[in-house]
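Q: This is the structure, below, for whatever I ask next.
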Amino acid sequence: MTGIFRRHWPGQSDRPALALHCMLASGSYWGGIAGHLGGRVDLSGFDMPGHGRSDDWTPGPDDPDYHTAVTRIAASFITRPLDLIGHSMGATVALRLAVAAPEAVRSLTLIEPVLFAAAPDPDEQARDRQMQRLLSEGRREEAARGFVAVWGAQDFDDLPARMQQQMIDRIHLVAAAGPTLSQDRADILRKGGLESIHAPVMLISGQQSPPVIHRIAGALAERLPDVGRATVPGAGHMLPITHPEQVAGLIAVNLDRA
């Protein structure tokens, strides 16, 4: 796909890494993580379609779903084994890549992967239905407010007006990724898939994140051959932004394990 804005934080040239951001944000927030890593990896990233400085997502009738489109873009960055880092939906893309090509992953750090199919949750299912209903009725701001109330770092009303509008404009992308995350249409959880990842994996959660996040981490950890789990005290879902030093420290632990 054209119109994708690439990001790069230079570091150790023989240690490439790729970082994948969450929904309704951009790759820019990995800059804080890169700073705390101090050049230990040569970190690349990109803004997902419809996010940050990338072009809007305007799929044609024969184009893939949103999650698949993002996964293909991420795969285009991989030319040799690398350290793969993902947050929220970005973490599910990272996991999808690792299952598809475990030999391409040197280490895998998953920060709050929202693969809800791994731990079906009635509350999340209700939130999905609510979002679909609001979007079908054209109530985009209410949908964005509801999403941020659960997954954001601060109240919607405390965000700058420009950021509020960006979230309203993009909220349909959250719904577009929903089936892959809640129904595992990408078959990430297929038999033998997680078990094939022999690179060291680190699962990072925020202490104050929704309970489903911790259940997902537990379900994934049960199947991964080489896995560590960490919880950041006082943090919520947006911990790469709110707690970059702690998150970078945990990423570094996993880098050392590779």
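Ordering of the structure tokens sets the chain letters (A, B, ...); residue numbers start at 1 within each chain; ligands are numbered from 1 in the order shown.
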Name all residues at most 9 Å from Glu245 of chain A (count only C-alpha atoms; drop same-chain ones fewer than 6 positions away) and give them as a list in words.

A: Gly32, Ile33, Gly35, His36 and Leu37 of chain A

Q: Fewer than 5 positions away in the same chain doesn't count, so skip those; otherwise give me all residues within 12 Å of segment 116-119 of chain A, counting only C-alpha atoms, as a PyMOL selection string.

A: chain A and resi 88-89+92+124-125+127-128+177-190+194+210-223

Q: Report as an MDAnalysis selection string all protein, DNA and RNA residues lying within 9 Å of segment 147-152 of chain A, evaluated on only C-alpha atoms, omitting residues in the same chain fewer than 3 positions from it.

A: chainID A and resid 127 131 142:144 155:156 167 171 174 209:210 236:238

Q: Those same residues - N, CA and C atoms - I'd like them written as a CSV table (one decimal), in the first residue's frame.

A:
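Below you can see selection-v8.csv, which holds the result:
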chain,number,residue,atom,x,y,z
A,127,ARG,N,-19.3,-4.5,24.5
A,127,ARG,CA,-18.8,-3.2,24.0
A,127,ARG,C,-18.7,-3.3,22.5
A,131,MET,N,-20.6,-0.6,20.0
A,131,MET,CA,-19.9,0.2,19.0
A,131,MET,C,-20.5,0.0,17.6
A,142,GLU,N,-20.1,9.4,20.0
A,142,GLU,CA,-20.4,8.5,21.2
A,142,GLU,C,-19.5,7.2,21.1
A,143,ALA,N,-19.4,6.7,19.9
A,143,ALA,CA,-18.5,5.5,19.8
A,143,ALA,C,-17.1,5.7,20.2
A,144,ALA,N,-16.6,6.9,19.8
A,144,ALA,CA,-15.2,7.2,20.2
A,144,ALA,C,-15.1,7.4,21.7
A,155,ASP,N,-9.5,11.1,29.9
A,155,ASP,CA,-10.9,11.3,29.5
A,155,ASP,C,-10.9,11.9,28.1
A,156,PHE,N,-11.9,11.6,27.4
A,156,PHE,CA,-12.1,12.2,26.0
A,156,PHE,C,-12.1,13.7,26.1
A,167,MET,N,-9.9,11.0,16.4
A,167,MET,CA,-10.5,9.8,16.9
A,167,MET,C,-11.9,9.5,16.4
A,171,ILE,N,-12.7,6.1,14.2
A,171,ILE,CA,-13.3,5.1,15.0
A,171,ILE,C,-13.8,3.9,14.2
A,174,VAL,N,-11.5,0.8,14.2
A,174,VAL,CA,-11.6,-0.1,15.4
A,174,VAL,C,-12.6,-1.2,15.1
A,209,SER,N,-5.3,-2.1,33.8
A,209,SER,CA,-6.0,-2.4,32.5
A,209,SER,C,-7.2,-3.3,32.7
A,210,PRO,N,-8.2,-3.3,31.8
A,210,PRO,CA,-9.4,-4.1,31.9
A,210,PRO,C,-9.0,-5.6,32.2
A,236,GLY,N,-2.2,1.7,32.9
A,236,GLY,CA,-3.4,1.2,32.2
A,236,GLY,C,-3.0,0.8,30.8
A,237,HIS,N,-3.9,0.7,29.9
A,237,HIS,CA,-3.7,0.2,28.6
A,237,HIS,C,-2.7,1.0,27.8
A,238,MET,N,-2.6,2.3,28.0
A,238,MET,CA,-1.7,3.1,27.2
A,238,MET,C,-0.3,3.2,27.8

Q: Determine, counting only C-alpha atoms, which protein, DNA and RNA residues have an atom within 10 Å of an atom of Ala25 of chain A; residues of the same chain fewer than 2 positions away are not included. Present the result as a count of residues only.

A: 15

Q: Can you work out which one of A:Val93, A:Ala153, A:Ala199, A:Ala230 has the shortest atom-to-atom distance to Pro81 of chain A, counting only C-alpha atoms?

A: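 Ranked by minimum distance to Pro81 of chain A, first place goes to A:Ala199.
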
Q: As an exercise, work out the distance from atom CA of Pro225 of chain A to atom CA of Leu239 of chain A in Å and give it to one decimal place.

A: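 These atoms are spaced 25.6 Å apart.
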
Q: Given the choices A:Val232, A:Gln154, A:Ile168, A:Ala98, which gets closest to Gly249 of chain A if the distance is worked out from only C-alpha atoms?

A: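 Checking each candidate against Gly249 of chain A, we get A:Val232 as the closest.
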
Q: Would you list, as a ChimeraX atom specification, the residues of segment 18-47 of chain A that end up in strand (DSSP E) under DSSP run on this structure's backbone?

A: /A:18-20,42-46

Q: Those same residues, written as a compact mmCIF listing (two decimals), in the first residue's frame with N, CA and C atoms?

A:
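out_33.txt was written with the following content:
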# COMPACT_ATOMS: atom_id res chain seq x y z
N LEU A 18 11.24 -3.75 14.92
CA LEU A 18 10.04 -3.14 14.36
C LEU A 18 9.01 -3.01 15.47
N ALA A 19 8.43 -1.80 15.59
CA ALA A 19 7.42 -1.53 16.62
C ALA A 19 6.10 -1.16 15.96
N LEU A 20 5.01 -1.74 16.45
CA LEU A 20 3.68 -1.59 15.87
C LEU A 20 2.74 -0.97 16.90
N ASP A 42 18.02 -0.88 16.25
CA ASP A 42 17.73 0.05 15.17
C ASP A 42 16.23 -0.07 14.91
N LEU A 43 15.47 0.86 15.47
CA LEU A 43 14.02 0.71 15.56
C LEU A 43 13.30 1.39 14.41
N SER A 44 12.46 0.64 13.74
CA SER A 44 11.60 1.16 12.68
C SER A 44 10.14 1.02 13.09
N GLY A 45 9.31 1.78 12.43
CA GLY A 45 7.88 1.71 12.65
C GLY A 45 7.16 2.40 11.51
N PHE A 46 5.85 2.43 11.59
CA PHE A 46 5.06 3.13 10.58
C PHE A 46 3.71 3.49 11.19

Q: Could you pull out the residues in segment 9-248 of chain A that DSSP calls alpha helix (DSSP H) from the backbone, as an MDAnalysis selection string?

A: chainID A and resid 30:37 66:75 89:100 122:136 140:151 161:183 211:221 239:242 244:248

Q: Which one is closest to Thr231 of chain A: A:His243, A:His172, A:Arg162, A:Arg257? Count only C-alpha atoms.

A: A:His243
